[in-house]
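*Asks:* protein-v7.cif (mmCIF, C-alpha atoms and all ligand atoms) pasted underneath:
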data_query
#
loop_
_atom_site.label_atom_id
_atom_site.label_comp_id
_atom_site.auth_asym_id
_atom_site.auth_seq_id
_atom_site.Cartn_x
_atom_site.Cartn_y
_atom_site.Cartn_z
CA MET A 1 63.86 7.48 -32.40
CA ILE A 2 60.88 8.49 -34.42
CA GLY A 3 58.68 10.89 -32.58
CA GLY A 4 60.68 10.52 -29.40
CA SER A 5 58.50 13.00 -27.62
CA SER A 6 55.37 11.79 -25.95
CA VAL A 7 53.82 15.19 -26.52
CA LEU A 8 50.33 15.07 -27.88
CA SER A 9 49.33 18.38 -29.36
CA ARG A 10 45.79 19.38 -30.06
CA PRO A 11 46.03 22.12 -32.65
CA GLY A 12 42.70 21.53 -34.23
CA GLY A 13 40.72 21.19 -31.06
CA ASN A 14 38.26 19.11 -33.00
CA SER A 15 38.22 15.89 -31.08
CA PRO A 16 34.98 13.95 -31.51
CA PRO A 17 32.72 14.64 -28.55
CA ASP A 18 32.76 11.12 -27.20
CA ARG A 19 36.51 10.85 -27.25
CA GLN A 20 39.47 12.59 -25.75
CA ALA A 21 43.10 12.72 -26.67
CA PRO A 22 45.06 9.50 -26.32
CA GLY A 23 47.47 9.23 -23.45
CA GLY A 24 45.45 7.72 -20.69
CA GLN A 25 42.22 9.66 -20.83
CA THR A 26 38.82 8.34 -21.64
CA PHE A 27 38.40 7.74 -25.32
CA PHE A 28 35.30 5.60 -25.60
CA SER A 29 31.90 6.51 -24.33
CA SER A 30 30.89 2.99 -23.38
CA ALA A 31 32.42 0.25 -21.28
CA PRO A 32 34.65 -2.34 -22.93
CA ARG A 33 32.87 -5.38 -24.22
CA GLU A 34 33.73 -8.91 -23.30
CA ASP A 35 34.68 -11.83 -25.50
CA HIS A 36 38.02 -10.44 -26.53
CA GLY A 37 39.78 -13.76 -26.65
CA ARG A 38 38.02 -15.20 -29.64
CA SER A 39 39.13 -12.35 -31.89
CA ARG A 40 42.76 -12.72 -30.88
CA THR A 41 43.76 -15.62 -33.02
CA ASN A 42 47.34 -14.39 -33.10
CA THR A 43 47.62 -13.83 -36.79
CA THR A 44 50.34 -11.42 -35.71
CA THR A 45 52.59 -14.28 -34.71
CA ARG A 46 54.72 -13.18 -37.62
CA ILE A 47 55.04 -9.72 -36.13
CA ARG A 48 56.24 -11.18 -32.89
CA ALA A 49 58.79 -13.27 -34.75
CA LEU A 50 59.92 -10.19 -36.68
CA SER A 51 60.10 -8.29 -33.43
CA ARG A 52 62.10 -10.97 -31.61
CA SER A 53 64.61 -11.26 -34.42
CA GLY A 54 65.11 -7.50 -34.54
CA GLU A 55 63.84 -7.37 -38.12
CA LEU A 56 60.92 -5.13 -37.25
CA GLU A 57 63.15 -2.60 -35.49
CA GLU A 58 65.54 -2.69 -38.42
CA ARG A 59 62.75 -2.02 -40.89
CA ALA A 60 61.47 0.82 -38.74
CA ARG A 61 64.98 2.27 -38.66
CA ARG A 62 65.34 2.02 -42.44
CA ALA A 63 61.92 3.52 -43.00
CA HIS A 64 62.75 6.38 -40.65
CA GLU A 65 65.80 7.21 -42.76
CA VAL A 66 63.57 7.53 -45.83
CA LEU A 67 61.91 10.47 -44.09
CA ARG A 68 65.17 12.39 -44.25
CA ASN A 69 64.76 12.91 -47.98
CA CYS A 70 61.19 11.77 -48.22
CA VAL A 71 60.25 9.37 -50.99
CA VAL A 72 57.81 7.34 -48.91
CA CYS A 73 55.43 7.60 -51.85
CA PRO A 74 57.74 7.83 -54.87
CA PRO A 75 55.33 9.30 -57.41
CA GLN A 76 55.31 12.45 -55.28
CA GLU A 77 58.95 12.24 -54.23
CA CYS A 78 58.88 15.50 -52.33
CA ARG A 79 62.38 14.95 -50.93
CA VAL A 80 61.71 17.17 -47.94
CA ASN A 81 63.37 16.44 -44.62
CA ARG A 82 60.51 15.26 -42.47
CA ILE A 83 62.87 14.37 -39.64
CA GLU A 84 63.33 18.14 -39.40
CA ASP A 85 59.54 18.41 -39.58
CA GLU A 86 59.43 19.76 -43.11
CA GLU A 87 56.18 19.00 -44.87
CA GLY A 88 55.66 17.84 -48.43
CA PHE A 89 52.61 17.18 -50.54
CA CYS A 90 50.94 15.20 -47.74
CA ARG A 91 51.26 18.14 -45.33
CA THR A 92 52.65 15.89 -42.64
CA GLY A 93 55.99 16.39 -40.93
CA LEU A 94 57.67 14.02 -38.50
CA LEU A 95 54.71 13.19 -36.33
CA PRO A 96 51.67 11.53 -37.84
CA ARG A 97 48.41 13.27 -37.19
CA VAL A 98 45.44 11.20 -36.05
CA SER A 99 42.06 12.60 -36.87
CA SER A 100 40.20 10.07 -34.78
CA TYR A 101 40.25 6.47 -33.67
CA SER A 102 37.39 4.28 -32.64
CA SER A 103 35.67 0.96 -32.69
CA HIS A 104 34.20 1.37 -36.16
CA PHE A 105 31.20 -0.48 -37.56
CA GLY A 106 31.16 1.04 -41.04
CA GLU A 107 33.77 -1.25 -42.58
CA GLU A 108 33.23 -4.50 -44.45
CA PRO A 109 31.38 -7.01 -42.22
CA PRO A 110 34.30 -9.48 -41.93
CA LEU A 111 36.38 -6.72 -40.37
CA VAL A 112 33.65 -5.46 -38.07
CA GLY A 113 32.51 -8.65 -36.35
CA ARG A 114 30.82 -8.06 -33.02
CA ASN A 115 33.06 -5.40 -31.54
CA GLY A 116 34.07 -3.33 -34.52
CA SER A 117 37.20 -2.63 -36.48
CA GLY A 118 39.76 -0.57 -34.60
CA THR A 119 40.13 2.23 -37.11
CA ILE A 120 42.81 4.86 -36.86
CA PHE A 121 42.13 7.71 -39.29
CA PHE A 122 45.24 9.62 -40.27
CA ALA A 123 45.05 13.26 -41.31
CA GLY A 124 46.86 14.36 -44.45
CA CYS A 125 47.14 12.32 -47.62
CA ASN A 126 49.45 11.68 -50.53
CA MET A 127 46.58 12.34 -52.95
CA ARG A 128 44.31 15.35 -53.37
CA CYS A 129 41.15 13.89 -54.77
CA GLU A 130 38.69 16.50 -55.97
CA PHE A 131 35.90 14.25 -54.74
CA CYS A 132 37.33 13.42 -51.32
CA GLN A 133 34.59 12.96 -48.74
CA ASN A 134 37.10 13.71 -45.96
CA TYR A 135 38.50 16.84 -47.54
CA GLU A 136 39.00 18.76 -44.29
CA ILE A 137 40.94 15.88 -42.76
CA SER A 138 42.98 14.83 -45.75
CA GLN A 139 43.85 18.12 -47.42
CA CYS A 140 43.51 21.12 -45.14
CA GLY A 141 46.54 20.50 -42.91
CA GLY A 142 46.85 21.04 -39.18
CA VAL A 143 43.87 18.82 -38.47
CA GLY A 144 43.77 16.22 -35.71
CA TYR A 145 46.34 15.33 -33.12
CA ALA A 146 50.06 15.08 -33.72
CA VAL A 147 51.03 11.84 -32.02
CA SER A 148 54.35 10.27 -31.21
CA CYS A 149 55.00 6.66 -32.10
CA GLU A 150 54.55 5.82 -28.42
CA ASP A 151 51.14 7.45 -28.50
CA LEU A 152 50.25 5.58 -31.67
CA ALA A 153 51.24 2.29 -30.08
CA GLY A 154 49.09 3.19 -27.09
CA ILE A 155 46.12 3.82 -29.36
CA MET A 156 46.51 0.37 -30.93
CA LEU A 157 46.66 -1.31 -27.55
CA ARG A 158 43.66 0.64 -26.34
CA LEU A 159 41.61 -0.44 -29.34
CA GLN A 160 42.65 -4.03 -28.74
CA GLU A 161 41.65 -3.75 -25.10
CA ARG A 162 38.33 -2.43 -26.27
CA GLY A 163 37.76 -5.72 -28.09
CA CYS A 164 38.29 -4.52 -31.64
CA HIS A 165 39.00 -7.42 -33.95
CA ASN A 166 41.79 -5.66 -35.81
CA ILE A 167 43.72 -2.43 -36.08
CA ASN A 168 42.68 -0.64 -39.26
CA PHE A 169 45.06 2.05 -40.54
CA VAL A 170 43.07 4.41 -42.76
CA SER A 171 45.00 6.68 -45.17
CA PRO A 172 48.34 5.39 -43.91
CA SER A 173 50.55 5.72 -47.00
CA HIS A 174 52.41 8.86 -45.93
CA VAL A 175 53.09 7.68 -42.38
CA VAL A 176 54.32 4.12 -42.92
CA PRO A 177 57.67 4.73 -41.17
CA GLN A 178 55.91 5.96 -38.06
CA ILE A 179 53.43 3.08 -38.19
CA LEU A 180 56.26 0.55 -38.37
CA ARG A 181 57.90 2.04 -35.31
CA ALA A 182 54.61 2.12 -33.44
CA VAL A 183 53.81 -1.49 -34.36
CA ALA A 184 57.21 -2.55 -33.07
CA LEU A 185 56.46 -0.83 -29.77
CA ALA A 186 52.92 -2.19 -29.55
CA ALA A 187 54.03 -5.73 -30.42
CA SER A 188 56.51 -5.64 -27.55
CA GLN A 189 53.64 -4.65 -25.26
CA GLY A 190 51.21 -7.36 -26.31
CA LEU A 191 49.51 -6.33 -29.55
CA THR A 192 48.10 -9.46 -31.13
CA VAL A 193 45.14 -8.51 -33.32
CA PRO A 194 45.54 -8.45 -37.14
CA LEU A 195 46.58 -5.26 -38.87
CA VAL A 196 44.69 -3.77 -41.82
CA TYR A 197 46.29 -1.41 -44.35
CA ASN A 198 43.44 0.66 -45.78
CA SER A 199 45.06 2.92 -48.36
CA GLY A 200 44.23 4.87 -51.48
CA GLY A 201 46.42 2.45 -53.41
CA TYR A 202 49.05 5.08 -53.99
CA ASP A 203 51.89 3.17 -52.35
CA SER A 204 55.40 2.45 -53.46
CA VAL A 205 56.60 -1.10 -53.90
CA GLU A 206 59.58 -0.29 -51.66
CA THR A 207 57.32 0.89 -48.88
CA LEU A 208 55.05 -2.13 -49.25
CA ARG A 209 58.09 -4.40 -48.92
CA LEU A 210 58.77 -2.86 -45.52
CA LEU A 211 55.27 -3.86 -44.51
CA ASP A 212 55.51 -7.41 -45.82
CA GLY A 213 54.75 -9.83 -43.00
CA VAL A 214 53.59 -7.01 -40.76
CA ILE A 215 50.25 -6.22 -42.36
CA ASP A 216 47.65 -8.99 -42.42
CA ILE A 217 45.00 -7.47 -44.70
CA TYR A 218 45.44 -4.94 -47.53
CA MET A 219 42.50 -2.87 -48.69
CA PRO A 220 43.87 -0.59 -51.45
CA ASP A 221 41.63 1.52 -53.62
CA ALA A 222 42.16 1.21 -57.37
CA LYS A 223 40.73 4.54 -58.38
CA TYR A 224 41.94 4.93 -61.94
CA GLY A 225 42.86 3.15 -65.10
CA ARG A 226 44.19 6.26 -66.83
CA ASP A 227 47.01 8.45 -65.56
CA ASP A 228 45.65 11.63 -67.12
CA VAL A 229 42.41 11.23 -65.19
CA ALA A 230 44.32 10.43 -61.98
CA LEU A 231 46.37 13.58 -62.43
CA GLU A 232 43.34 15.72 -63.09
CA LEU A 233 41.12 14.40 -60.31
CA SER A 234 43.60 13.32 -57.63
CA HIS A 235 46.73 15.34 -58.48
CA ALA A 236 48.50 12.02 -58.42
CA PRO A 237 51.02 11.50 -61.19
CA PRO A 238 51.20 8.67 -62.44
CA VAL A 239 49.13 6.49 -60.16
CA THR A 240 47.98 3.77 -62.52
CA PRO A 241 51.19 1.73 -62.69
CA ALA A 242 51.48 1.66 -58.89
CA ALA A 243 47.88 0.53 -58.56
CA CYS A 244 48.35 -2.10 -61.24
CA ARG A 245 51.41 -3.53 -59.51
CA LEU A 246 49.21 -4.35 -56.54
CA GLN A 247 46.98 -6.58 -58.60
S1 LIG B 301 55.03 10.84 -47.85
FE1 LIG B 301 54.42 13.00 -48.08
S2 LIG B 301 56.36 14.16 -48.13
FE2 LIG B 301 56.87 11.98 -48.49
S3 LIG B 301 56.94 11.76 -50.72
FE3 LIG B 301 54.83 11.23 -50.07
S4 LIG B 301 53.63 13.13 -50.18
FE4 LIG B 301 55.81 13.69 -50.26
#
I'd like the structure from this file rewritten - as structure tokens, please.
*Replies:*
Amino acid sequence: MIGGSSVLSRPGGNSPPDRQAPGGQTFFSSAPREDHGRSRTNTTTRIRALSRSGELEERARRAHEVLRNCVVCPPQECRVNRIEDEEGFCRTGLLPRVSSYSSHFGEEPPLVGRNGSGTIFFAGCNMRCEFCQNYEISQCGGVGYAVSCEDLAGIMLRLQERGCHNINFVSPSHVVPQILRAVALAASQGLTVPLVYNSGGYDSVETLRLLDGVIDIYMPDAKYGRDDVALELSHAPPVTPAACRLQ
């Protein structure tokens, strides 16, 4: 099982002041809003079908195996054993690290609605953009909370309970296997809101296939049209073909 432990470490100690670590404690400063039902239009019916048929579990299992010799994002192809908690370019071992999660109102209006987009910001990244506005989170390592897949599922359900219109995975490319496992768990516990994949566009076709039918909305960046610029500014060789394949 991915992240079988329910341990939630807090190495960075930098939790936002209005939130505490997931796992049952208070995480939002205000009371939940009403009118949840209208946002739950069950666009995740597919996920439930995938879950019932066992397909989702099977994909999560296959994705987990990729971590053993990690090529989750093939242009990097670090081939470290993340199941043994080795870290590659993304500075993330077995457990994903969550920098923060919240009902977020800074996304595109269709995602925000009345109650916000349920954003989950992952620490670490498979790019190292010189211009990154979240440099400390994406590139410094050891930031945020290491969460098990059970914890991650709990976060999704908590955001849904809060009335968020969707679950919005931000910088998810390097933790897709863990996300798949967590979605499988959350779906079995009642997750119904749509899922948003908000990535830097540096994703492998193989990894995206694992997400097919699971993710409802893709929001990839297309940062570059020239590989030499991508390499210089994001240390991402060669990113352009991958981005182009998404078009
Ligand atoms: S997910 Fe991380 S360790 Fe795996 S290939 Fe990409 S950068 Fe390397």
*Asks:* Which residue out of A:Cys78, A:Val196, A:Ala60, A:Cys70 has the minimum interatomic distance to Leu94 (chain A) when all atoms listed in the file are used?
*Replies:* A:Cys70
*Asks:* Check which residues fall inside 10 Å of ligand LIG 301 (chain B) when counting only C-alpha atoms and all ligand atoms, and print them as a ChimeraX atom specification.
*Replies:* /A:66-82,86-94,124-127,172-177,202-204,236
*Asks:* For the residues in the current selection, export C-alpha atoms as a PDB file, in the frame of the given file.
*Replies:*
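Everything below was put into again-v6.pdb:
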ATOM      1  CA  VAL A  66      63.570   7.530 -45.830  1.00  0.00           C
ATOM      2  CA  LEU A  67      61.910  10.470 -44.090  1.00  0.00           C
ATOM      3  CA  ARG A  68      65.170  12.390 -44.250  1.00  0.00           C
ATOM      4  CA  ASN A  69      64.760  12.910 -47.980  1.00  0.00           C
ATOM      5  CA  CYS A  70      61.190  11.770 -48.220  1.00  0.00           C
ATOM      6  CA  VAL A  71      60.250   9.370 -50.990  1.00  0.00           C
ATOM      7  CA  VAL A  72      57.810   7.340 -48.910  1.00  0.00           C
ATOM      8  CA  CYS A  73      55.430   7.600 -51.850  1.00  0.00           C
ATOM      9  CA  PRO A  74      57.740   7.830 -54.870  1.00  0.00           C
ATOM     10  CA  PRO A  75      55.330   9.300 -57.410  1.00  0.00           C
ATOM     11  CA  GLN A  76      55.310  12.450 -55.280  1.00  0.00           C
ATOM     12  CA  GLU A  77      58.950  12.240 -54.230  1.00  0.00           C
ATOM     13  CA  CYS A  78      58.880  15.500 -52.330  1.00  0.00           C
ATOM     14  CA  ARG A  79      62.380  14.950 -50.930  1.00  0.00           C
ATOM     15  CA  VAL A  80      61.710  17.170 -47.940  1.00  0.00           C
ATOM     16  CA  ASN A  81      63.370  16.440 -44.620  1.00  0.00           C
ATOM     17  CA  ARG A  82      60.510  15.260 -42.470  1.00  0.00           C
ATOM     18  CA  GLU A  86      59.430  19.760 -43.110  1.00  0.00           C
ATOM     19  CA  GLU A  87      56.180  19.000 -44.870  1.00  0.00           C
ATOM     20  CA  GLY A  88      55.660  17.840 -48.430  1.00  0.00           C
ATOM     21  CA  PHE A  89      52.610  17.180 -50.540  1.00  0.00           C
ATOM     22  CA  CYS A  90      50.940  15.200 -47.740  1.00  0.00           C
ATOM     23  CA  ARG A  91      51.260  18.140 -45.330  1.00  0.00           C
ATOM     24  CA  THR A  92      52.650  15.890 -42.640  1.00  0.00           C
ATOM     25  CA  GLY A  93      55.990  16.390 -40.930  1.00  0.00           C
ATOM     26  CA  LEU A  94      57.670  14.020 -38.500  1.00  0.00           C
ATOM     27  CA  GLY A 124      46.860  14.360 -44.450  1.00  0.00           C
ATOM     28  CA  CYS A 125      47.140  12.320 -47.620  1.00  0.00           C
ATOM     29  CA  ASN A 126      49.450  11.680 -50.530  1.00  0.00           C
ATOM     30  CA  MET A 127      46.580  12.340 -52.950  1.00  0.00           C
ATOM     31  CA  PRO A 172      48.340   5.390 -43.910  1.00  0.00           C
ATOM     32  CA  SER A 173      50.550   5.720 -47.000  1.00  0.00           C
ATOM     33  CA  HIS A 174      52.410   8.860 -45.930  1.00  0.00           C
ATOM     34  CA  VAL A 175      53.090   7.680 -42.380  1.00  0.00           C
ATOM     35  CA  VAL A 176      54.320   4.120 -42.920  1.00  0.00           C
ATOM     36  CA  PRO A 177      57.670   4.730 -41.170  1.00  0.00           C
ATOM     37  CA  TYR A 202      49.050   5.080 -53.990  1.00  0.00           C
ATOM     38  CA  ASP A 203      51.890   3.170 -52.350  1.00  0.00           C
ATOM     39  CA  SER A 204      55.400   2.450 -53.460  1.00  0.00           C
ATOM     40  CA  ALA A 236      48.500  12.020 -58.420  1.00  0.00           C
TER      41      ALA A 236
END
*Asks:* Any idea what the distance is between CA of Tyr135 (chain A) and CA of Asp151 (chain A)?
*Replies:* 24.7 Å
*Asks:* Go ahead and compute the interatomic distance for CA of Asp212 (chain A) and CA of Arg46 (chain A), in Å to one decimal.
*Replies:*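 Going from CA of Asp212 (chain A) over to CA of Arg46 (chain A), I get 10.1 Å.
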*Asks:* For Leu185 (chain A), which of A:Ser148, A:Ser100, A:Asn115, A:Ser234 is the closest residue, counting all atoms listed in the file?
*Replies:*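 So, comparing all the options, the nearest one is A:Ser148.
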*Asks:* Could region 178-200 of chain A be completed with N, CA and C atoms and returned as a compact mmCIF listing (two decimals), in the frame of the given file?
*Replies:*
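And here's rebuild_15.txt as it stands now:
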# COMPACT_ATOMS: atom_id res chain seq x y z
N GLN A 178 56.36 5.78 -39.44
CA GLN A 178 55.91 5.96 -38.06
C GLN A 178 55.05 4.78 -37.60
N ILE A 179 54.25 4.26 -38.53
CA ILE A 179 53.43 3.08 -38.19
C ILE A 179 54.32 1.89 -37.85
N LEU A 180 55.36 1.68 -38.63
CA LEU A 180 56.26 0.55 -38.37
C LEU A 180 56.86 0.65 -36.97
N ARG A 181 57.31 1.84 -36.64
CA ARG A 181 57.90 2.04 -35.31
C ARG A 181 56.86 1.79 -34.22
N ALA A 182 55.66 2.28 -34.44
CA ALA A 182 54.61 2.12 -33.44
C ALA A 182 54.20 0.65 -33.31
N VAL A 183 54.15 -0.06 -34.42
CA VAL A 183 53.81 -1.49 -34.36
C VAL A 183 54.87 -2.25 -33.58
N ALA A 184 56.13 -1.89 -33.81
CA ALA A 184 57.21 -2.55 -33.07
C ALA A 184 57.03 -2.34 -31.56
N LEU A 185 56.68 -1.12 -31.19
CA LEU A 185 56.46 -0.83 -29.77
C LEU A 185 55.25 -1.58 -29.23
N ALA A 186 54.16 -1.55 -30.00
CA ALA A 186 52.92 -2.19 -29.55
C ALA A 186 53.10 -3.71 -29.46
N ALA A 187 53.82 -4.28 -30.43
CA ALA A 187 54.03 -5.73 -30.42
C ALA A 187 54.79 -6.14 -29.16
N SER A 188 55.74 -5.31 -28.75
CA SER A 188 56.51 -5.64 -27.55
C SER A 188 55.68 -5.51 -26.29
N GLN A 189 54.52 -4.85 -26.43
CA GLN A 189 53.64 -4.65 -25.26
C GLN A 189 52.36 -5.48 -25.35
N GLY A 190 52.32 -6.42 -26.31
CA GLY A 190 51.21 -7.36 -26.31
C GLY A 190 50.19 -7.20 -27.41
N LEU A 191 50.46 -6.43 -28.43
CA LEU A 191 49.51 -6.33 -29.55
C LEU A 191 49.45 -7.66 -30.29
N THR A 192 48.25 -8.16 -30.46
CA THR A 192 48.10 -9.46 -31.13
C THR A 192 47.08 -9.46 -32.27
N VAL A 193 46.21 -8.46 -32.31
CA VAL A 193 45.14 -8.51 -33.32
C VAL A 193 45.73 -8.22 -34.71
N PRO A 194 45.05 -8.69 -35.77
CA PRO A 194 45.54 -8.45 -37.14
C PRO A 194 45.57 -6.96 -37.49
N LEU A 195 46.43 -6.64 -38.44
CA LEU A 195 46.58 -5.26 -38.87
C LEU A 195 46.06 -5.11 -40.30
N VAL A 196 45.31 -4.04 -40.52
CA VAL A 196 44.69 -3.77 -41.82
C VAL A 196 45.29 -2.50 -42.40
N TYR A 197 45.70 -2.58 -43.66
CA TYR A 197 46.29 -1.41 -44.35
C TYR A 197 45.27 -0.93 -45.37
N ASN A 198 44.62 0.19 -45.06
CA ASN A 198 43.44 0.66 -45.78
C ASN A 198 43.83 1.94 -46.52
N SER A 199 44.44 1.77 -47.70
CA SER A 199 45.06 2.92 -48.36
C SER A 199 44.36 3.29 -49.66
N GLY A 200 44.75 4.43 -50.19
CA GLY A 200 44.23 4.87 -51.48
C GLY A 200 44.89 4.16 -52.65
